[in-house]
>>> print(open('my_file.cif').read())   # mmCIF, N, CA and C atoms
data_upload
loop_
_atom_site.label_atom_id
_atom_site.label_comp_id
_atom_site.auth_asym_id
_atom_site.auth_seq_id
_atom_site.Cartn_x
_atom_site.Cartn_y
_atom_site.Cartn_z
N MET U 9 -15.77 22.12 -11.56
CA MET U 9 -14.73 21.43 -10.82
C MET U 9 -13.44 22.24 -10.88
N ASN U 10 -12.73 22.18 -9.82
CA ASN U 10 -11.45 22.87 -9.75
C ASN U 10 -10.33 21.85 -9.90
N PRO U 11 -9.19 22.27 -10.43
CA PRO U 11 -8.09 21.32 -10.51
C PRO U 11 -7.58 21.00 -9.12
N ALA U 12 -7.23 19.75 -8.92
CA ALA U 12 -6.64 19.34 -7.65
C ALA U 12 -5.14 19.53 -7.74
N PRO U 13 -4.46 19.65 -6.60
CA PRO U 13 -3.02 19.81 -6.64
C PRO U 13 -2.36 18.55 -7.19
N THR U 14 -1.23 18.72 -7.88
CA THR U 14 -0.52 17.55 -8.39
C THR U 14 0.09 16.77 -7.24
N ASN U 15 0.59 17.43 -6.28
CA ASN U 15 1.08 16.83 -5.04
C ASN U 15 0.93 17.87 -3.96
N SER U 16 0.82 17.44 -2.70
CA SER U 16 0.68 18.43 -1.64
C SER U 16 2.00 19.15 -1.44
N THR U 17 1.94 20.26 -0.72
CA THR U 17 3.11 21.09 -0.55
C THR U 17 4.17 20.43 0.32
N ASP U 18 3.80 19.47 1.13
CA ASP U 18 4.79 18.77 1.96
C ASP U 18 5.31 17.57 1.17
N ARG U 19 6.39 17.78 0.47
CA ARG U 19 6.98 16.78 -0.40
C ARG U 19 7.49 15.59 0.40
N LEU U 20 7.39 14.43 -0.23
CA LEU U 20 7.97 13.22 0.32
C LEU U 20 9.33 13.06 -0.34
N GLY U 21 10.38 13.40 0.37
CA GLY U 21 11.72 13.38 -0.21
C GLY U 21 12.30 11.97 -0.29
N CYS U 22 12.85 11.66 -1.44
CA CYS U 22 13.48 10.36 -1.64
C CYS U 22 14.59 10.16 -0.62
N GLY U 23 14.54 9.03 0.07
CA GLY U 23 15.56 8.71 1.06
C GLY U 23 15.38 9.42 2.39
N GLN U 24 14.40 10.32 2.48
CA GLN U 24 14.16 11.06 3.72
C GLN U 24 13.42 10.20 4.72
N PRO U 25 13.68 10.38 6.00
CA PRO U 25 12.95 9.62 7.02
C PRO U 25 11.46 9.93 6.93
N PHE U 26 10.64 8.92 7.23
CA PHE U 26 9.20 9.13 7.23
C PHE U 26 8.60 8.53 8.48
N GLU U 27 7.79 9.32 9.15
CA GLU U 27 6.97 8.86 10.26
C GLU U 27 5.57 9.36 10.00
N THR U 28 4.58 8.54 10.31
CA THR U 28 3.20 8.94 10.09
C THR U 28 2.87 10.14 10.95
N PRO U 29 2.44 11.25 10.31
CA PRO U 29 2.03 12.41 11.10
C PRO U 29 0.79 12.08 11.92
N GLY U 30 0.40 13.00 12.79
CA GLY U 30 -0.78 12.80 13.64
C GLY U 30 -2.05 12.63 12.82
N ASP U 31 -3.13 12.41 13.52
CA ASP U 31 -4.42 12.17 12.88
C ASP U 31 -4.83 13.34 12.01
N GLY U 32 -5.46 13.00 10.89
CA GLY U 32 -6.01 14.02 10.00
C GLY U 32 -7.52 14.03 10.11
N VAL U 33 -8.15 14.76 9.21
CA VAL U 33 -9.60 14.86 9.17
C VAL U 33 -10.22 13.55 8.70
N LEU U 34 -9.44 12.78 7.95
CA LEU U 34 -9.93 11.53 7.38
C LEU U 34 -9.24 10.33 8.00
N THR U 35 -9.98 9.23 8.09
CA THR U 35 -9.37 7.94 8.39
C THR U 35 -9.13 7.29 7.04
N VAL U 36 -7.89 6.88 6.79
CA VAL U 36 -7.50 6.33 5.50
C VAL U 36 -7.12 4.87 5.68
N ASP U 37 -7.86 3.99 5.02
CA ASP U 37 -7.58 2.56 5.06
C ASP U 37 -7.33 2.10 3.63
N GLY U 38 -6.57 1.05 3.47
CA GLY U 38 -6.24 0.61 2.12
C GLY U 38 -6.30 -0.88 1.94
N ARG U 39 -6.49 -1.27 0.71
CA ARG U 39 -6.44 -2.68 0.31
C ARG U 39 -5.45 -2.78 -0.84
N PHE U 40 -4.33 -3.40 -0.54
CA PHE U 40 -3.26 -3.56 -1.50
C PHE U 40 -2.74 -4.98 -1.41
N PRO U 41 -2.14 -5.48 -2.48
CA PRO U 41 -1.54 -6.81 -2.40
C PRO U 41 -0.38 -6.79 -1.40
N SER U 42 -0.10 -7.94 -0.81
CA SER U 42 1.00 -8.02 0.16
C SER U 42 2.31 -8.42 -0.51
N THR U 43 2.24 -8.87 -1.75
CA THR U 43 3.46 -9.21 -2.49
C THR U 43 3.37 -8.67 -3.91
N ALA U 44 4.52 -8.41 -4.49
CA ALA U 44 4.62 -7.97 -5.88
C ALA U 44 5.93 -8.48 -6.44
N SER U 45 5.95 -8.72 -7.72
CA SER U 45 7.16 -9.13 -8.40
C SER U 45 7.98 -7.89 -8.73
N GLY U 46 9.28 -8.04 -8.67
CA GLY U 46 10.15 -6.93 -9.05
C GLY U 46 9.99 -6.53 -10.51
N THR U 47 9.36 -7.38 -11.30
CA THR U 47 9.11 -7.06 -12.70
C THR U 47 7.79 -6.33 -12.90
N ASP U 48 6.97 -6.24 -11.85
CA ASP U 48 5.71 -5.49 -11.94
C ASP U 48 6.03 -4.00 -12.10
N ARG U 49 5.22 -3.33 -12.84
CA ARG U 49 5.44 -1.89 -13.04
C ARG U 49 4.94 -1.06 -11.87
N ALA U 50 3.88 -1.58 -11.20
CA ALA U 50 3.26 -0.80 -10.11
C ALA U 50 2.47 -1.74 -9.22
N VAL U 51 2.13 -1.22 -8.06
CA VAL U 51 1.19 -1.89 -7.16
C VAL U 51 -0.07 -1.05 -7.17
N THR U 52 -1.20 -1.72 -7.37
CA THR U 52 -2.47 -1.03 -7.47
C THR U 52 -3.40 -1.51 -6.38
N GLY U 53 -4.10 -0.59 -5.76
CA GLY U 53 -5.05 -0.95 -4.71
C GLY U 53 -6.15 0.07 -4.62
N THR U 54 -6.89 -0.04 -3.53
CA THR U 54 -8.00 0.87 -3.27
C THR U 54 -7.83 1.48 -1.89
N VAL U 55 -8.10 2.76 -1.81
CA VAL U 55 -8.03 3.48 -0.54
C VAL U 55 -9.45 3.86 -0.15
N GLU U 56 -9.83 3.51 1.07
CA GLU U 56 -11.14 3.86 1.60
C GLU U 56 -10.96 4.99 2.61
N VAL U 57 -11.70 6.06 2.39
CA VAL U 57 -11.55 7.28 3.19
C VAL U 57 -12.84 7.51 3.96
N THR U 58 -12.74 7.64 5.28
CA THR U 58 -13.89 7.94 6.13
C THR U 58 -13.66 9.30 6.78
N SER U 59 -14.65 10.18 6.64
CA SER U 59 -14.53 11.52 7.21
C SER U 59 -14.83 11.48 8.71
N ARG U 60 -14.01 12.16 9.48
CA ARG U 60 -14.23 12.27 10.93
C ARG U 60 -15.14 13.44 11.28
N ARG U 61 -15.27 14.36 10.32
CA ARG U 61 -16.14 15.53 10.52
C ARG U 61 -16.61 16.00 9.15
N ALA U 62 -17.55 16.90 9.13
CA ALA U 62 -18.04 17.44 7.87
C ALA U 62 -16.92 18.24 7.20
N VAL U 63 -16.75 18.00 5.90
CA VAL U 63 -15.74 18.72 5.13
C VAL U 63 -16.19 18.75 3.67
N ARG U 64 -15.96 19.90 3.06
CA ARG U 64 -16.28 20.06 1.63
C ARG U 64 -15.05 20.65 0.96
N GLY U 65 -14.64 20.01 -0.14
CA GLY U 65 -13.48 20.50 -0.85
C GLY U 65 -13.13 19.63 -2.03
N VAL U 66 -11.96 19.86 -2.57
CA VAL U 66 -11.50 19.16 -3.77
C VAL U 66 -10.35 18.21 -3.41
N VAL U 67 -10.42 17.00 -3.98
CA VAL U 67 -9.36 16.01 -3.80
C VAL U 67 -8.89 15.55 -5.17
N SER U 68 -7.70 15.00 -5.22
CA SER U 68 -7.23 14.36 -6.45
C SER U 68 -8.06 13.11 -6.69
N PRO U 69 -8.19 12.67 -7.93
CA PRO U 69 -9.01 11.49 -8.21
C PRO U 69 -8.35 10.18 -7.77
N GLY U 70 -7.13 10.25 -7.28
CA GLY U 70 -6.45 9.06 -6.76
C GLY U 70 -5.63 9.42 -5.54
N ALA U 71 -5.50 8.46 -4.63
CA ALA U 71 -4.67 8.67 -3.44
C ALA U 71 -3.19 8.70 -3.84
N GLU U 72 -2.39 9.43 -3.10
CA GLU U 72 -0.95 9.45 -3.30
C GLU U 72 -0.37 8.29 -2.50
N VAL U 73 0.18 7.30 -3.18
CA VAL U 73 0.68 6.10 -2.53
C VAL U 73 2.19 6.05 -2.69
N PHE U 74 2.90 5.67 -1.62
CA PHE U 74 4.36 5.64 -1.66
C PHE U 74 4.89 4.51 -0.81
N LEU U 75 6.17 4.17 -1.02
CA LEU U 75 6.82 3.08 -0.29
C LEU U 75 7.87 3.61 0.66
N VAL U 76 7.96 2.96 1.82
CA VAL U 76 8.97 3.27 2.81
C VAL U 76 9.72 1.97 3.11
N ARG U 77 11.04 2.07 3.20
CA ARG U 77 11.86 0.91 3.55
C ARG U 77 12.85 1.35 4.62
N GLN U 78 12.87 0.61 5.69
CA GLN U 78 13.75 0.89 6.83
C GLN U 78 13.62 2.35 7.27
N GLY U 79 12.37 2.84 7.30
CA GLY U 79 12.09 4.17 7.82
C GLY U 79 12.33 5.32 6.87
N ALA U 80 12.71 5.04 5.60
CA ALA U 80 12.98 6.11 4.64
C ALA U 80 12.15 5.91 3.37
N VAL U 81 11.77 7.02 2.76
CA VAL U 81 10.98 6.97 1.52
C VAL U 81 11.81 6.31 0.43
N ALA U 82 11.22 5.25 -0.20
CA ALA U 82 11.93 4.48 -1.22
C ALA U 82 11.32 4.65 -2.61
N ALA U 83 10.04 4.96 -2.69
CA ALA U 83 9.35 5.21 -3.96
C ALA U 83 8.27 6.25 -3.69
N VAL U 84 8.22 7.27 -4.53
CA VAL U 84 7.31 8.39 -4.31
C VAL U 84 6.01 8.21 -5.09
N PRO U 85 4.97 8.97 -4.71
CA PRO U 85 3.70 8.86 -5.42
C PRO U 85 3.83 9.24 -6.89
N THR U 86 2.96 8.66 -7.69
CA THR U 86 2.87 9.03 -9.09
C THR U 86 2.35 10.46 -9.17
N ALA U 87 2.95 11.27 -10.03
CA ALA U 87 2.47 12.64 -10.22
C ALA U 87 1.05 12.59 -10.78
N GLN U 88 0.20 13.46 -10.26
CA GLN U 88 -1.19 13.53 -10.72
C GLN U 88 -1.45 14.91 -11.28
N ASP U 89 -1.85 14.95 -12.52
CA ASP U 89 -2.15 16.20 -13.18
C ASP U 89 -3.54 16.07 -13.79
N LEU U 90 -4.52 15.80 -12.93
CA LEU U 90 -5.87 15.52 -13.37
C LEU U 90 -6.84 16.49 -12.72
N ILE U 91 -8.02 16.58 -13.27
CA ILE U 91 -9.07 17.43 -12.71
C ILE U 91 -9.48 16.86 -11.35
N GLY U 92 -9.62 17.72 -10.37
CA GLY U 92 -9.99 17.30 -9.03
C GLY U 92 -11.45 16.87 -8.95
N VAL U 93 -11.75 16.23 -7.84
CA VAL U 93 -13.09 15.74 -7.55
C VAL U 93 -13.63 16.49 -6.35
N GLN U 94 -14.85 16.98 -6.46
CA GLN U 94 -15.48 17.71 -5.35
C GLN U 94 -16.09 16.71 -4.37
N TRP U 95 -15.73 16.84 -3.10
CA TRP U 95 -16.32 16.02 -2.04
C TRP U 95 -17.12 16.93 -1.11
N ASP U 96 -18.26 16.44 -0.67
CA ASP U 96 -19.07 17.11 0.34
C ASP U 96 -19.42 16.02 1.35
N LEU U 97 -18.56 15.86 2.35
CA LEU U 97 -18.67 14.75 3.29
C LEU U 97 -19.25 15.18 4.62
N ALA U 98 -20.16 14.37 5.14
CA ALA U 98 -20.62 14.51 6.52
C ALA U 98 -19.76 13.57 7.37
N ALA U 99 -19.74 13.79 8.66
CA ALA U 99 -19.00 12.89 9.55
C ALA U 99 -19.50 11.46 9.34
N GLY U 100 -18.57 10.54 9.12
CA GLY U 100 -18.91 9.14 8.91
C GLY U 100 -19.06 8.74 7.46
N ASP U 101 -19.12 9.71 6.54
CA ASP U 101 -19.22 9.38 5.12
C ASP U 101 -17.95 8.67 4.64
N VAL U 102 -18.14 7.77 3.67
CA VAL U 102 -17.03 6.99 3.13
C VAL U 102 -16.92 7.21 1.63
N GLU U 103 -15.71 7.41 1.15
CA GLU U 103 -15.41 7.50 -0.29
C GLU U 103 -14.26 6.54 -0.58
N ARG U 104 -14.18 6.10 -1.83
CA ARG U 104 -13.09 5.22 -2.25
C ARG U 104 -12.32 5.88 -3.39
N LEU U 105 -11.01 5.68 -3.35
CA LEU U 105 -10.11 6.20 -4.38
C LEU U 105 -9.18 5.09 -4.84
N PRO U 106 -8.79 5.10 -6.10
CA PRO U 106 -7.73 4.18 -6.51
C PRO U 106 -6.40 4.68 -5.95
N GLY U 107 -5.47 3.77 -5.78
CA GLY U 107 -4.14 4.12 -5.31
C GLY U 107 -3.10 3.27 -6.01
N ASP U 108 -2.15 3.93 -6.66
CA ASP U 108 -1.09 3.24 -7.39
C ASP U 108 0.26 3.80 -6.96
N VAL U 109 1.24 2.92 -6.86
CA VAL U 109 2.61 3.37 -6.65
C VAL U 109 3.50 2.60 -7.63
N PRO U 110 4.30 3.33 -8.42
CA PRO U 110 5.21 2.62 -9.32
C PRO U 110 6.30 1.94 -8.51
N LEU U 111 6.67 0.76 -8.93
CA LEU U 111 7.75 0.04 -8.25
C LEU U 111 9.09 0.47 -8.84
N VAL U 112 9.31 1.77 -8.81
CA VAL U 112 10.52 2.39 -9.35
C VAL U 112 11.19 3.15 -8.22
N SER U 113 12.47 2.90 -8.03
CA SER U 113 13.22 3.60 -7.00
C SER U 113 13.22 5.09 -7.27
N CYS U 114 13.10 5.88 -6.22
CA CYS U 114 13.14 7.33 -6.38
C CYS U 114 14.58 7.85 -6.36
N GLU U 115 15.54 6.97 -6.22
CA GLU U 115 16.95 7.38 -6.28
C GLU U 115 17.26 7.92 -7.67
N PRO U 116 18.27 8.77 -7.81
CA PRO U 116 18.57 9.37 -9.12
C PRO U 116 18.76 8.35 -10.25
N ALA U 117 19.32 7.20 -9.95
CA ALA U 117 19.54 6.19 -10.99
C ALA U 117 18.23 5.51 -11.39
N GLY U 118 17.21 5.63 -10.55
CA GLY U 118 15.91 5.01 -10.84
C GLY U 118 16.00 3.50 -10.88
N GLY U 119 15.29 2.89 -11.79
CA GLY U 119 15.27 1.43 -11.90
C GLY U 119 14.28 0.84 -10.92
N PRO U 120 14.06 -0.47 -11.05
CA PRO U 120 13.11 -1.15 -10.15
C PRO U 120 13.57 -1.06 -8.69
N VAL U 121 12.59 -1.04 -7.78
CA VAL U 121 12.96 -1.07 -6.37
C VAL U 121 13.60 -2.43 -6.08
N PRO U 122 14.59 -2.47 -5.22
CA PRO U 122 15.21 -3.75 -4.89
C PRO U 122 14.23 -4.69 -4.20
N ALA U 123 14.45 -5.98 -4.35
CA ALA U 123 13.63 -6.97 -3.65
C ALA U 123 13.77 -6.74 -2.15
N GLY U 124 12.70 -7.02 -1.43
CA GLY U 124 12.73 -6.88 0.02
C GLY U 124 11.38 -6.47 0.57
N ASP U 125 11.39 -6.14 1.85
CA ASP U 125 10.16 -5.78 2.56
C ASP U 125 10.02 -4.26 2.63
N TYR U 126 8.81 -3.80 2.35
CA TYR U 126 8.50 -2.38 2.34
C TYR U 126 7.23 -2.15 3.15
N GLU U 127 7.01 -0.88 3.49
CA GLU U 127 5.74 -0.44 4.05
C GLU U 127 5.11 0.49 3.03
N LEU U 128 3.85 0.29 2.77
CA LEU U 128 3.11 1.09 1.80
C LEU U 128 2.22 2.06 2.58
N TYR U 129 2.22 3.32 2.20
CA TYR U 129 1.40 4.35 2.83
C TYR U 129 0.58 5.07 1.77
N ALA U 130 -0.54 5.65 2.18
CA ALA U 130 -1.37 6.47 1.29
C ALA U 130 -1.60 7.82 1.95
N ARG U 131 -1.60 8.85 1.11
CA ARG U 131 -1.88 10.21 1.57
C ARG U 131 -3.04 10.75 0.74
N VAL U 132 -4.00 11.37 1.43
CA VAL U 132 -5.14 12.02 0.78
C VAL U 132 -5.15 13.47 1.24
N VAL U 133 -5.22 14.37 0.26
CA VAL U 133 -5.19 15.81 0.54
C VAL U 133 -6.51 16.42 0.07
N ILE U 134 -7.17 17.15 0.97
CA ILE U 134 -8.38 17.89 0.62
C ILE U 134 -8.04 19.38 0.66
N VAL U 135 -8.41 20.08 -0.41
CA VAL U 135 -8.32 21.53 -0.44
C VAL U 135 -9.73 22.04 -0.15
N PRO U 136 -9.98 22.50 1.09
CA PRO U 136 -11.34 22.88 1.47
C PRO U 136 -11.85 24.09 0.68
N ASP U 137 -13.16 24.08 0.45
CA ASP U 137 -13.79 25.25 -0.17
C ASP U 137 -13.56 26.47 0.72
N GLY U 138 -13.11 27.53 0.12
CA GLY U 138 -12.94 28.78 0.86
C GLY U 138 -11.77 28.78 1.82
N GLY U 139 -11.01 27.71 1.88
CA GLY U 139 -9.89 27.64 2.82
C GLY U 139 -8.57 27.67 2.10
N THR U 140 -7.55 28.01 2.83
CA THR U 140 -6.22 28.03 2.24
C THR U 140 -5.37 26.88 2.76
N ASP U 141 -5.71 26.35 3.92
CA ASP U 141 -4.92 25.26 4.49
C ASP U 141 -5.41 23.92 3.95
N ARG U 142 -4.49 23.14 3.43
CA ARG U 142 -4.83 21.82 2.93
C ARG U 142 -4.97 20.87 4.12
N LEU U 143 -5.93 19.96 4.01
CA LEU U 143 -6.15 18.96 5.04
C LEU U 143 -5.50 17.66 4.56
N VAL U 144 -4.46 17.24 5.26
CA VAL U 144 -3.67 16.08 4.84
C VAL U 144 -3.89 14.94 5.81
N SER U 145 -4.23 13.77 5.27
CA SER U 145 -4.43 12.58 6.10
C SER U 145 -3.65 11.42 5.49
N PHE U 146 -3.13 10.55 6.37
CA PHE U 146 -2.33 9.40 5.96
C PHE U 146 -2.97 8.10 6.42
N GLY U 147 -2.70 7.04 5.68
CA GLY U 147 -3.08 5.70 6.07
C GLY U 147 -1.90 4.77 5.88
N GLY U 148 -1.90 3.68 6.62
CA GLY U 148 -0.81 2.72 6.53
C GLY U 148 -0.13 2.61 7.87
N PRO U 149 0.85 1.79 7.98
CA PRO U 149 1.51 1.06 6.89
C PRO U 149 0.81 -0.26 6.59
N TRP U 150 0.94 -0.65 5.31
CA TRP U 150 0.52 -1.97 4.86
C TRP U 150 1.78 -2.65 4.32
N PRO U 151 2.02 -3.88 4.74
CA PRO U 151 3.26 -4.55 4.32
C PRO U 151 3.23 -4.92 2.84
N LEU U 152 4.37 -4.80 2.21
CA LEU U 152 4.54 -5.19 0.81
C LEU U 152 5.90 -5.86 0.68
N ARG U 153 5.90 -7.08 0.18
CA ARG U 153 7.16 -7.78 -0.11
C ARG U 153 7.35 -7.80 -1.62
N VAL U 154 8.47 -7.26 -2.06
CA VAL U 154 8.83 -7.28 -3.47
C VAL U 154 9.81 -8.43 -3.66
N THR U 155 9.46 -9.32 -4.58
CA THR U 155 10.30 -10.52 -4.80
C THR U 155 11.09 -10.41 -6.09
#
>>> encode(input="my_file.cif", output="structure tokens")
Amino acid sequence: MNPAPTNSTDRLGCGQPFETPGDGVLTVDGRFPSTASGTDRAVTGTVEVTSRRAVRGVVSPGAEVFLVRQGAVAAVPTAQDLIGVQWDLAAGDVERLPGDVPLVSCEPAGGPVPAGDYELYARVVIVPDGGTDRLVSFGGPWPLRVT
């Protein structure tokens, strides 16, 4: 097994505008709670990934999940420094990954994210065997209300 990247090269900047990029190699769907308490440490869910074409490569063992509020990144994915997982997918194959996002503001002061309505997104990055270009796919938005 090869190590997976800790985060993809296209950083999600705190406070930066976010729009879902075009379609990726994967269809990314998620199951996350629609509400969370401001005292919760994180939101945990499952990401279901369906391949649109055959692809073989390494992925992180968890999806990169983040929060967007009013069109800007409000909480960034948890850093992943784990051994990658080898996928060998045919078109239509489905895999599942855990997805967690800490309910901590990415602003310099940190602290819990303020109460309110957010959009939750997931990013899955595949580093193809023998390739140099990472294949990045997004799923979401899924609504999340922090109380």
>>> residues_around(input="my_file.cif", residues="stretch 43-51 of chain U", least_positions_apart="2", cutoff="6 Å", atoms="only C-alpha atoms", output="PDB file with N, CA and C atoms, keeping the file's coordinate frame")
ATOM      1  N   PRO U  41      -2.140  -5.480  -2.480  1.00  0.00           N
ATOM      2  CA  PRO U  41      -1.540  -6.810  -2.400  1.00  0.00           C
ATOM      3  C   PRO U  41      -0.380  -6.790  -1.400  1.00  0.00           C
ATOM      4  N   ASP U 108      -2.150   3.930  -6.660  1.00  0.00           N
ATOM      5  CA  ASP U 108      -1.090   3.240  -7.390  1.00  0.00           C
ATOM      6  C   ASP U 108       0.260   3.800  -6.960  1.00  0.00           C
ATOM      7  N   VAL U 109       1.240   2.920  -6.860  1.00  0.00           N
ATOM      8  CA  VAL U 109       2.610   3.370  -6.650  1.00  0.00           C
ATOM      9  C   VAL U 109       3.500   2.600  -7.630  1.00  0.00           C
ATOM     10  N   PRO U 110       4.300   3.330  -8.420  1.00  0.00           N
ATOM     11  CA  PRO U 110       5.210   2.620  -9.320  1.00  0.00           C
ATOM     12  C   PRO U 110       6.300   1.940  -8.510  1.00  0.00           C
ATOM     13  N   LEU U 111       6.670   0.760  -8.930  1.00  0.00           N
ATOM     14  CA  LEU U 111       7.750   0.040  -8.250  1.00  0.00           C
ATOM     15  C   LEU U 111       9.090   0.470  -8.840  1.00  0.00           C
ATOM     16  N   LEU U 152       4.370  -4.800   2.210  1.00  0.00           N
ATOM     17  CA  LEU U 152       4.540  -5.190   0.810  1.00  0.00           C
ATOM     18  C   LEU U 152       5.900  -5.860   0.680  1.00  0.00           C
ATOM     19  N   ARG U 153       5.900  -7.080   0.180  1.00  0.00           N
ATOM     20  CA  ARG U 153       7.160  -7.780  -0.110  1.00  0.00           C
ATOM     21  C   ARG U 153       7.350  -7.800  -1.620  1.00  0.00           C
ATOM     22  N   VAL U 154       8.470  -7.260  -2.060  1.00  0.00           N
ATOM     23  CA  VAL U 154       8.830  -7.280  -3.470  1.00  0.00           C
ATOM     24  C   VAL U 154       9.810  -8.430  -3.660  1.00  0.00           C
ATOM     25  N   THR U 155       9.460  -9.320  -4.580  1.00  0.00           N
ATOM     26  CA  THR U 155      10.300 -10.520  -4.800  1.00  0.00           C
ATOM     27  C   THR U 155      11.090 -10.410  -6.090  1.00  0.00           C
TER      28      THR U 155
END
>>> resolve_selection(input="my_file.cif", expression="the PyMOL selection byres ((chain U and resi 107) around 7)", output="list in words")
Val51, Thr52, Gly53, Thr54, Val55, Gly70, Ala71, Glu72, Val73, Leu105, Pro106, Asp108 and Val109 of chain U
>>> resolve_selection(input="my_file.cif", expression="the PyMOL selection byres ((chain U and resi 130-145) around 5)", output="list in words")
Gly32, Arg64, Gly65, Val66, Val67, Ala71, Glu72, Val73, Leu128, Tyr129, Phe146 and Gly147 of chain U
>>> residues_around(input="my_file.cif", residues="U:Leu20", least_positions_apart="3", cutoff="7 Å", atoms="all atoms listed in the file", output="PyMOL selection string")
chain U and resi 17+23-24+81+84
>>> closest_residue(input="my_file.cif", among="U:Leu90, U:Ala83, U:Val121, U:Val102", to="U:Cys22", atoms="all atoms listed in the file")
U:Ala83
>>> select_by_dssp(input="my_file.cif", residues="stretch 64-129 of chain U", states="strand (DSSP E or B)", output="VMD selection string")
chain U and resid 64 to 67 71 to 77 80 to 83 91 93 to 97 102 to 110 112 120 124 to 129
>>> closest_residue(input="my_file.cif", among="U:Phe26, U:Phe74, U:Phe40, U:Trp95", to="U:Ser59", atoms="only C-alpha atoms")
U:Trp95
>>> closest_residue(input="my_file.cif", among="U:Pro149, U:Cys114, U:Pro120, U:Glu56", to="U:Pro85", atoms="only C-alpha atoms")
U:Cys114
